[in-house]
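Trainee: Data: structure32.tsv, TSV, N, CA and C atoms.
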chain	number	residue	atom	x	y	z
U	1	MET	N	37.61	35.85	9.11
U	1	MET	CA	37.64	34.76	10.06
U	1	MET	C	38.64	33.72	9.58
U	2	THR	N	39.55	33.32	10.45
U	2	THR	CA	40.57	32.35	10.06
U	2	THR	C	40.06	30.94	10.29
U	3	GLU	N	40.54	30.05	9.44
U	3	GLU	CA	40.14	28.66	9.50
U	3	GLU	C	41.04	27.92	10.49
U	4	VAL	N	40.46	27.10	11.34
U	4	VAL	CA	41.22	26.31	12.29
U	4	VAL	C	41.67	25.03	11.60
U	5	THR	N	42.98	24.80	11.55
U	5	THR	CA	43.50	23.58	10.94
U	5	THR	C	44.51	22.93	11.87
U	6	ARG	N	44.65	21.63	11.70
U	6	ARG	CA	45.68	20.87	12.39
U	6	ARG	C	46.55	20.22	11.33
U	7	THR	N	47.82	20.12	11.61
U	7	THR	CA	48.74	19.46	10.70
U	7	THR	C	49.27	18.22	11.39
U	8	THR	N	49.29	17.13	10.65
U	8	THR	CA	49.79	15.87	11.20
U	8	THR	C	50.59	15.14	10.13
U	9	THR	N	51.50	14.32	10.55
U	9	THR	CA	52.24	13.48	9.62
U	9	THR	C	51.59	12.12	9.61
U	10	LEU	N	51.20	11.67	8.44
U	10	LEU	CA	50.55	10.38	8.29
U	10	LEU	C	51.59	9.26	8.38
U	11	PRO	N	51.15	8.02	8.64
U	11	PRO	CA	52.09	6.90	8.70
U	11	PRO	C	52.95	6.74	7.44
U	12	SER	N	52.43	7.18	6.30
U	12	SER	CA	53.19	7.08	5.04
U	12	SER	C	54.27	8.15	4.94
U	13	GLY	N	54.25	9.12	5.87
U	13	GLY	CA	55.21	10.21	5.83
U	13	GLY	C	54.66	11.46	5.17
U	14	LYS	N	53.49	11.36	4.54
U	14	LYS	CA	52.87	12.53	3.92
U	14	LYS	C	52.36	13.47	5.00
U	15	ARG	N	52.27	14.76	4.66
U	15	ARG	CA	51.79	15.77	5.59
U	15	ARG	C	50.32	16.05	5.30
U	16	ALA	N	49.49	15.96	6.31
U	16	ALA	CA	48.06	16.21	6.15
U	16	ALA	C	47.66	17.43	6.96
U	17	GLU	N	46.88	18.30	6.34
U	17	GLU	CA	46.26	19.42	7.03
U	17	GLU	C	44.77	19.10	7.09
U	18	VAL	N	44.20	19.15	8.28
U	18	VAL	CA	42.78	18.87	8.46
U	18	VAL	C	42.15	20.09	9.11
U	19	ARG	N	41.14	20.64	8.44
U	19	ARG	CA	40.49	21.82	9.02
U	19	ARG	C	39.31	21.39	9.87
U	20	LYS	N	38.95	22.24	10.81
U	20	LYS	CA	37.82	21.96	11.68
U	20	LYS	C	36.55	21.94	10.84
U	21	GLY	N	35.75	20.90	11.02
U	21	GLY	CA	34.55	20.72	10.21
U	21	GLY	C	33.37	21.56	10.65
U	22	LYS	N	32.47	21.77	9.73
U	22	LYS	CA	31.21	22.49	9.96
U	22	LYS	C	30.07	21.62	9.44
U	23	GLY	N	28.87	21.98	9.80
U	23	GLY	CA	27.70	21.23	9.33
U	23	GLY	C	27.62	21.15	7.82
U	24	ARG	N	27.99	22.24	7.15
U	24	ARG	CA	27.92	22.24	5.68
U	24	ARG	C	28.88	21.21	5.08
U	25	ASP	N	29.99	20.94	5.76
U	25	ASP	CA	30.93	19.92	5.27
U	25	ASP	C	30.30	18.54	5.33
U	26	LEU	N	29.60	18.26	6.41
U	26	LEU	CA	28.91	16.98	6.53
U	26	LEU	C	27.81	16.85	5.48
U	27	MET	N	27.09	17.95	5.24
U	27	MET	CA	26.05	17.92	4.22
U	27	MET	C	26.64	17.66	2.84
U	28	ARG	N	27.76	18.32	2.52
U	28	ARG	CA	28.42	18.09	1.23
U	28	ARG	C	28.90	16.66	1.10
U	29	ALA	N	29.41	16.11	2.19
U	29	ALA	CA	29.87	14.72	2.18
U	29	ALA	C	28.71	13.77	1.88
U	30	HIS	N	27.56	14.02	2.51
U	30	HIS	CA	26.38	13.18	2.24
U	30	HIS	C	25.95	13.32	0.78
U	31	ARG	N	25.95	14.52	0.27
U	31	ARG	CA	25.57	14.72	-1.14
U	31	ARG	C	26.53	14.04	-2.10
U	32	ALA	N	27.82	14.07	-1.76
U	32	ALA	CA	28.84	13.49	-2.64
U	32	ALA	C	28.66	11.99	-2.81
U	33	VAL	N	28.09	11.34	-1.80
U	33	VAL	CA	27.93	9.88	-1.88
U	33	VAL	C	26.46	9.46	-1.91
U	34	ALA	N	25.60	10.36	-2.32
U	34	ALA	CA	24.17	10.06	-2.38
U	34	ALA	C	23.93	8.77	-3.17
U	35	GLY	N	23.16	7.88	-2.59
U	35	GLY	CA	22.85	6.62	-3.25
U	35	GLY	C	23.85	5.52	-2.95
U	36	ASN	N	24.98	5.85	-2.37
U	36	ASN	CA	25.98	4.84	-2.03
U	36	ASN	C	25.60	4.25	-0.67
U	37	THR	N	25.38	2.96	-0.63
U	37	THR	CA	24.93	2.32	0.61
U	37	THR	C	26.08	1.85	1.50
U	38	GLU	N	27.31	2.03	1.05
U	38	GLU	CA	28.47	1.64	1.86
U	38	GLU	C	28.54	2.53	3.09
U	39	PRO	N	28.52	1.97	4.30
U	39	PRO	CA	28.51	2.78	5.52
U	39	PRO	C	29.69	3.74	5.66
U	40	MET	N	30.85	3.37	5.17
U	40	MET	CA	32.04	4.23	5.33
U	40	MET	C	32.10	5.35	4.30
U	41	SER	N	31.22	5.35	3.33
U	41	SER	CA	31.32	6.34	2.25
U	41	SER	C	31.23	7.78	2.75
U	42	VAL	N	30.37	8.05	3.70
U	42	VAL	CA	30.24	9.42	4.22
U	42	VAL	C	31.51	9.82	4.96
U	43	SER	N	32.07	8.90	5.72
U	43	SER	CA	33.31	9.18	6.44
U	43	SER	C	34.44	9.51	5.46
U	44	PHE	N	34.56	8.73	4.39
U	44	PHE	CA	35.59	8.98	3.39
U	44	PHE	C	35.35	10.31	2.67
U	45	ALA	N	34.09	10.61	2.37
U	45	ALA	CA	33.77	11.87	1.71
U	45	ALA	C	34.06	13.06	2.64
U	46	LEU	N	33.85	12.87	3.93
U	46	LEU	CA	34.13	13.94	4.88
U	46	LEU	C	35.65	14.17	4.99
U	47	ILE	N	36.42	13.10	4.93
U	47	ILE	CA	37.87	13.24	4.89
U	47	ILE	C	38.26	14.09	3.68
U	48	ALA	N	37.67	13.78	2.53
U	48	ALA	CA	37.97	14.53	1.31
U	48	ALA	C	37.58	16.01	1.45
U	49	GLU	N	36.51	16.29	2.16
U	49	GLU	CA	36.07	17.68	2.36
U	49	GLU	C	37.03	18.46	3.24
U	50	LEU	N	37.57	17.81	4.26
U	50	LEU	CA	38.30	18.53	5.30
U	50	LEU	C	39.82	18.45	5.19
U	51	ALA	N	40.35	17.52	4.41
U	51	ALA	CA	41.80	17.30	4.42
U	51	ALA	C	42.48	17.76	3.14
U	52	ARG	N	43.74	18.14	3.32
U	52	ARG	CA	44.66	18.40	2.21
U	52	ARG	C	45.89	17.55	2.51
U	53	ILE	N	46.40	16.88	1.49
U	53	ILE	CA	47.58	16.04	1.66
U	53	ILE	C	48.73	16.67	0.89
U	54	ASP	N	49.82	16.92	1.58
U	54	ASP	CA	50.98	17.59	1.00
U	54	ASP	C	50.56	18.87	0.26
U	55	GLY	N	49.60	19.60	0.87
U	55	GLY	CA	49.17	20.88	0.33
U	55	GLY	C	48.16	20.80	-0.80
U	56	LYS	N	47.75	19.61	-1.19
U	56	LYS	CA	46.80	19.46	-2.31
U	56	LYS	C	45.45	18.96	-1.81
U	57	PRO	N	44.37	19.43	-2.44
U	57	PRO	CA	43.05	18.93	-2.07
U	57	PRO	C	42.92	17.43	-2.39
U	58	VAL	N	42.02	16.78	-1.69
U	58	VAL	CA	41.80	15.35	-1.85
U	58	VAL	C	40.36	15.14	-2.31
U	59	VAL	N	40.14	14.17	-3.17
U	59	VAL	CA	38.78	13.79	-3.56
U	59	VAL	C	38.50	12.39	-3.01
U	60	TYR	N	37.23	12.04	-3.00
U	60	TYR	CA	36.76	10.76	-2.45
U	60	TYR	C	37.56	9.59	-3.01
U	61	GLU	N	37.76	9.57	-4.31
U	61	GLU	CA	38.48	8.47	-4.95
U	61	GLU	C	39.93	8.37	-4.46
U	62	ASP	N	40.53	9.51	-4.12
U	62	ASP	CA	41.88	9.50	-3.55
U	62	ASP	C	41.89	8.77	-2.21
U	63	VAL	N	40.88	9.02	-1.41
U	63	VAL	CA	40.79	8.37	-0.10
U	63	VAL	C	40.66	6.86	-0.27
U	64	LEU	N	39.88	6.43	-1.26
U	64	LEU	CA	39.71	5.00	-1.52
U	64	LEU	C	41.03	4.32	-1.85
U	65	GLU	N	41.94	5.03	-2.47
U	65	GLU	CA	43.22	4.47	-2.92
U	65	GLU	C	44.36	4.65	-1.92
U	66	MET	N	44.11	5.34	-0.81
U	66	MET	CA	45.16	5.57	0.19
U	66	MET	C	45.46	4.29	0.96
U	67	ASP	N	46.68	4.24	1.52
U	67	ASP	CA	47.03	3.15	2.44
U	67	ASP	C	46.07	3.20	3.63
U	68	LEU	N	45.70	2.03	4.12
U	68	LEU	CA	44.75	1.94	5.22
U	68	LEU	C	45.21	2.72	6.45
U	69	GLU	N	46.50	2.66	6.76
U	69	GLU	CA	47.00	3.37	7.94
U	69	GLU	C	46.77	4.87	7.82
U	70	ASP	N	46.95	5.42	6.61
U	70	ASP	CA	46.71	6.85	6.40
U	70	ASP	C	45.22	7.17	6.53
U	71	VAL	N	44.38	6.32	5.97
U	71	VAL	CA	42.92	6.55	6.06
U	71	VAL	C	42.48	6.55	7.51
U	72	LEU	N	42.95	5.58	8.28
U	72	LEU	CA	42.55	5.50	9.69
U	72	LEU	C	43.06	6.70	10.48
U	73	ALA	N	44.27	7.16	10.19
U	73	ALA	CA	44.80	8.35	10.86
U	73	ALA	C	43.97	9.58	10.51
U	74	LEU	N	43.60	9.72	9.25
U	74	LEU	CA	42.77	10.86	8.83
U	74	LEU	C	41.38	10.78	9.43
U	75	GLU	N	40.82	9.59	9.48
U	75	GLU	CA	39.50	9.43	10.07
U	75	GLU	C	39.51	9.85	11.54
U	76	ALA	N	40.57	9.47	12.25
U	76	ALA	CA	40.68	9.86	13.66
U	76	ALA	C	40.77	11.38	13.80
U	77	GLU	N	41.49	12.03	12.91
U	77	GLU	CA	41.60	13.49	12.95
U	77	GLU	C	40.25	14.15	12.63
U	78	VAL	N	39.58	13.65	11.61
U	78	VAL	CA	38.31	14.26	11.18
U	78	VAL	C	37.21	14.06	12.21
U	79	THR	N	37.13	12.87	12.79
U	79	THR	CA	36.05	12.59	13.74
U	79	THR	C	36.36	13.07	15.14
U	80	GLY	N	37.60	13.46	15.38
U	80	GLY	CA	37.97	13.91	16.71
U	80	GLY	C	38.40	12.78	17.61
U	81	ALA	N	38.60	11.59	17.06
U	81	ALA	CA	39.02	10.46	17.89
U	81	ALA	C	40.50	10.54	18.22
U	82	GLY	N	41.22	11.45	17.55
U	82	GLY	CA	42.64	11.65	17.85
U	82	GLY	C	42.81	12.40	19.15
U	83	GLU	N	44.02	12.72	19.48
U	83	GLU	CA	44.31	13.38	20.75
U	83	GLU	C	43.67	14.76	20.86
U	84	SER	N	43.54	15.50	19.76
U	84	SER	CA	43.06	16.88	19.84
U	84	SER	C	41.56	16.96	20.08
U	85	ARG	N	40.78	16.05	19.53
U	85	ARG	CA	39.32	15.99	19.68
U	85	ARG	C	38.65	17.34	19.40
U	86	GLU	N	39.23	18.18	18.55
U	86	GLU	CA	38.69	19.50	18.29
U	86	GLU	C	37.34	19.49	17.58
U	87	ASN	N	37.04	18.44	16.82
U	87	ASN	CA	35.77	18.41	16.11
U	87	ASN	C	34.61	17.97	17.00
U	88	PHE	N	34.89	17.63	18.27
U	88	PHE	CA	33.85	17.28	19.20
U	88	PHE	C	33.75	18.34	20.28
U	89	PRO	N	32.55	18.88	20.50
U	89	PRO	CA	32.40	19.88	21.57
U	89	PRO	C	32.46	19.21	22.93
U	90	PRO	N	32.70	19.98	23.98
U	90	PRO	CA	32.69	19.38	25.31
U	90	PRO	C	31.29	18.90	25.64
U	91	PRO	N	31.16	17.90	26.50
U	91	PRO	CA	29.82	17.39	26.84
U	91	PRO	C	28.99	18.47	27.51
U	92	ALA	N	27.69	18.43	27.31
U	92	ALA	CA	26.79	19.42	27.89
U	92	ALA	C	26.73	19.29	29.41
U	93	VAL	N	26.88	18.07	29.90
U	93	VAL	CA	26.83	17.83	31.34
U	93	VAL	C	28.07	17.03	31.70
U	94	GLN	N	28.81	17.51	32.67
U	94	GLN	CA	29.96	16.78	33.14
U	94	GLN	C	29.48	15.55	33.91
U	95	GLU	N	30.21	14.47	33.86
U	95	GLU	CA	29.77	13.21	34.47
U	95	GLU	C	29.46	13.35	35.95
U	96	GLY	N	30.18	14.16	36.68
U	96	GLY	CA	29.95	14.32	38.10
U	96	GLY	C	28.66	15.06	38.43
U	97	ASN	N	28.04	15.73	37.46
U	97	ASN	CA	26.84	16.53	37.70
U	97	ASN	C	25.56	15.82	37.32
U	98	LEU	N	25.59	14.52	37.12
U	98	LEU	CA	24.41	13.79	36.67
U	98	LEU	C	23.29	13.78	37.71
U	99	GLU	N	23.64	13.87	39.00
U	99	GLU	CA	22.60	13.83	40.03
U	99	GLU	C	21.73	15.08	40.00
U	100	ASN	N	22.19	16.15	39.38
U	100	ASN	CA	21.41	17.38	39.33
U	100	ASN	C	20.39	17.40	38.18
U	101	LEU	N	20.42	16.38	37.34
U	101	LEU	CA	19.47	16.34	36.23
U	101	LEU	C	18.11	15.89	36.74
U	102	SER	N	17.06	16.42	36.14
U	102	SER	CA	15.73	15.98	36.54
U	102	SER	C	15.50	14.57	36.03
U	103	GLN	N	14.74	13.81	36.77
U	103	GLN	CA	14.46	12.43	36.40
U	103	GLN	C	13.16	12.36	35.61
U	104	PRO	N	13.05	11.38	34.70
U	104	PRO	CA	11.80	11.27	33.94
U	104	PRO	C	10.65	10.93	34.88
U	105	ARG	N	9.48	11.45	34.54
U	105	ARG	CA	8.30	11.17	35.36
U	105	ARG	C	7.83	9.75	35.10
U	106	GLN	N	7.36	9.10	36.15
U	106	GLN	CA	6.82	7.75	36.03
U	106	GLN	C	5.35	7.83	35.64
U	107	SER	N	4.94	6.94	34.78
U	107	SER	CA	3.55	6.88	34.37
U	107	SER	C	2.71	6.32	35.49
U	108	LEU	N	1.53	6.88	35.69
U	108	LEU	CA	0.60	6.38	36.69
U	108	LEU	C	-0.38	5.39	36.08
U	109	ASP	N	-0.26	5.13	34.79
U	109	ASP	CA	-1.16	4.21	34.10
U	109	ASP	C	-0.81	2.78	34.49
U	110	LEU	N	-1.65	2.15	35.29
U	110	LEU	CA	-1.40	0.79	35.74
U	110	LEU	C	-2.26	-0.22	35.00
U	111	SER	N	-2.97	0.22	33.98
U	111	SER	CA	-3.85	-0.68	33.23
U	111	SER	C	-3.03	-1.57	32.32
U	112	PRO	N	-3.55	-2.81	32.04
U	112	PRO	CA	-2.84	-3.69	31.11
U	112	PRO	C	-2.81	-3.05	29.72
U	113	SER	N	-1.80	-3.35	28.99
U	113	SER	CA	-1.70	-2.79	27.63
U	113	SER	C	-1.19	-3.84	26.69
U	114	ASP	N	-1.06	-3.45	25.41
U	114	ASP	CA	-0.53	-4.35	24.40
U	114	ASP	C	0.99	-4.35	24.39
U	115	SER	N	1.58	-3.57	25.25
U	115	SER	CA	3.04	-3.47	25.30
U	115	SER	C	3.64	-4.77	25.80
U	116	PRO	N	4.66	-5.29	25.12
U	116	PRO	CA	5.28	-6.53	25.58
U	116	PRO	C	5.88	-6.41	26.96
U	117	THR	N	6.27	-5.21	27.37
U	117	THR	CA	6.86	-5.04	28.70
U	117	THR	C	5.79	-5.08	29.78
U	118	ARG	N	4.53	-4.85	29.43
U	118	ARG	CA	3.44	-4.88	30.40
U	118	ARG	C	2.84	-6.28	30.55
U	119	ASN	N	3.10	-7.18	29.62
U	119	ASN	CA	2.48	-8.50	29.62
U	119	ASN	C	3.44	-9.57	30.10
U	120	TRP	N	4.22	-9.29	31.09
U	120	TRP	CA	5.21	-10.24	31.56
U	120	TRP	C	4.75	-11.09	32.73
U	121	GLU	N	3.51	-10.91	33.17
U	121	GLU	CA	3.01	-11.70	34.31
U	121	GLU	C	2.83	-13.13	33.90
How does the structure come out when it is put into structure tokens?
Mentor:
Amino acid sequence: MTEVTRTTTLPSGKRAEVRKGKGRDLMRAHRAVAGNTEPMSVSFALIAELARIDGKPVVYEDVLEMDLEDVLALEAEVTGAGESRENFPPPAVQEGNLENLSQPRQSLDLSPSDSPTRNWE
């Protein structure tokens, strides 16, 4: 099975190869930053899992030291926010088909409750 990769030129001029991510990559990224409460740490670790810069593997610490423009470009590639959006699957329901979805059932319970939404009288 061949690996799906995209190649892009970063703002710094370096060449980045980003492979299509899998669940195990996200799990490894979480493990790599276990205990780190910084919200961006998983994103940076995922970049390190999926990217190669100028043909070389990248580690988390490398991402921390990169120019911000390169980090943002890599993050867009990894998360699918870039033009290719390959890491995001198509939506399960197309926007035009929303009327065909079943609607949630309404509760017939009309009794007062402790719910703040029920005590608005």
Trainee: Which residues in stretch 3-44 of chain U does DSSP call strand (DSSP E)? List them as a VMD selection string.
Mentor: chain U and resid 5 to 9 15 to 19
Trainee: Show me, as a PyMOL selection string, the residues that have an atom within 6.5 Å of U:Leu50 when counting only N, CA and C atoms, minus same-chain residues fewer than 4 positions from it.
Mentor: chain U and resi 17-19+45-46
Trainee: Looking at only C-alpha atoms, which of U:Val58, U:Ala81, U:Ile53, U:Leu26 is the one that sits closest to U:Leu10?
Mentor: U:Ile53
Trainee: Take atom N of U:Asp54 and atom C of U:Ala16 and report the distance between them in Å, one decimal.
Mentor: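 Going from atom N of U:Asp54 over to atom C of U:Ala16, I get 5.8 Å.
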Trainee: Find the spatial neighbours of U:Met66, counting only C-alpha atoms, within a cut-off of 12 Å - ignore same-chain residues fewer than 2 positions away - and output them as a PyMOL selection string.
Mentor: chain U and resi 10-12+14+44+47-48+53+58-64+68-74
Trainee: Calculate how many Å separate atom CA of U:Val78 from atom CA of U:Thr9, rounding to one decimal.
Mentor: 14.0 Å
Trainee: Which distance in Å separates atom N of U:Gly21 and atom C of U:Ala76, to one decimal?
Mentor: 11.1 Å
